[in-house]
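Undergrad: The structure is given below, and queries will be raised subsequently.
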Amino acid sequence: MRAFFLLPFLLLGWAQAAIPFWHTAGPPGDKVLLKAIDRFHAAQKAYRLEARYQGDYREAGVKLLSALRSGGAPALFQAELSFLPRLAQEGVALPLDSYLQDLPQDLYPEFLRAGQVRGKTYGLPLGLSVPVLYYNKDAFRARGLKAPESWAEVEEAAARLTSRTAKGFVVATDIWSFNAVVMSLGGSLVKGGQPAFTSKEVVEALEMLHRMVKKGHAQARNLAEVQFAVADFLRTKAFMGLGPSTALPVVLSQTSLPFAVGLAPVPRVPSGTVPLSGAALVVLKGASPEQIRGAVAFWRSFLEPDLQAEWAEATWYLPLRRSAERVLGEFFKDPERKAVFAQAEWGRPWSQDPEMVLWYGFLEEALERSLKGGMDPRRALEEAQRKALATEGR
């Protein structure tokens, strides 16, 4: 009789849908994500996420591509946004629009667009960041400088901060950093589905960076030297640099800094925007209808304002809902932090074209040739444009 009484509960347990989930949330955000998963499990019994950490975005992407070839890919994957268009184009990511009725009305619409490719939703935004102009507050105070509000002020500050042993600004020749400058000037690397490397704003952005490097006011670092770009700033070999809003919490969780770090929004013209970077939850081909529903249900639970606030405080990802900002009252008492997060109003997706993965290598090559090799900016960009268009025509 006792066994008969327990049978419905046992059957309920057997019917639970397991959802293998590969994620990239390391410290300090891992505790918040795992807490959200535990809370999701406690609130319902139909779905269970089997979370496994897979390293950073690059490491996780390599592992996923390998698993897709050999089998063993998860049902749910935390994909870096620039990886999402490729997953959608190749039919690996499943469209989710039919599962997204009755979403909270206070979600930032541009944040939802960050998970879309050609009008369809393939990714559920999990952690979105904005770029920040980081600066050495102590060095600025010593020279009577204030946080730059325009790129002209950045150039002026870089000149005044430069000495025999240090540069005013560190420039990375990666596409993310360069695109942040381009978008702040009102431009775009892609127009009408085509590369726009020779457009006015793109040329203007590279000419400005080239000018600072040529004058000796900025240090250029290529992709192989990214770690040195961070070290330049931390070791006071450079006093300004661009980075994602999520960079500072990671650094502070690992070390203490010998100087005060200043935060400023990226200088922006009235028509300028800032890129939304980060990751989204992607349901992969082969997932069952129950796994899809469970993945979306977890994401909905993660949107609760208190969890969003805790996630933002730990990681400096943007809260996806406006209502979470009310919970972040203490967090936003820091005026610099508040100004950085206010960039959400101008945040826009930037890497939704699947073809971008075919083009950006040519652009990064042009950036390095101009900023480290001294090539004329316009000439370098014209070469990148020709190569990109030739690839597009194949």
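Chain labels A, B, ... are given in the sequence in which chains occur in the structure tokens; within each chain residues are numbered consecutively from 1, and ligands are likewise numbered from 1 in the order shown.
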If you count only C-alpha atoms, which residues fall within 7 Å of stretch 272-282 of chain A, apart from same-chain ones fewer than 5 positions away, as a PyMOL selection string?
TA: chain A and resi 76-81+93+115+122-130+180+183-186+346-350
Undergrad: DSSP on the backbone: what in stretch 159-385 of chain A comes out helix (DSSP H, G or I), as an NGL selection string?
TA: :A and (159-161 or 175-184 or 200-214 or 223-234 or 247-254 or 289-302 or 305-315 or 323-327 or 331-333 or 335-346 or 356-371 or 377-385)
Undergrad: Atom CA of A:Lys45 and atom CA of A:Ser98 are how many Å apart?
TA: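 Atom CA of A:Ser98 lies at a distance of 22.9 Å from atom CA of A:Lys45.
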Undergrad: Under the rule that only C-alpha atoms are counted, which of A:Val181, A:Ala314, A:Ala297, A:Leu389 is the nearest residue to A:Arg48?
TA: A:Ala297
Undergrad: Nearest to A:Leu252: which of A:Ser82, A:Thr391, A:Thr24, A:Thr315 is it, counting only C-alpha atoms?
TA: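 The answer is A:Thr315, which sits nearest to A:Leu252.
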Undergrad: List the neighbours of A:Ile37 out to 12 Å using only C-alpha atoms; skip same-chain residues closer than 3 positions along the sequence, and give me the result as a VMD selection string.
TA: chain A and resid 19 21 23 30 to 34 40 to 44 47 to 52 294 to 295 297 to 302 307
Undergrad: Go through A:Ala166, A:Leu284, A:Ala220, A:Ala172 and flag the residue nearest A:Lys237, using only C-alpha atoms for the distances.
TA: A:Ala166
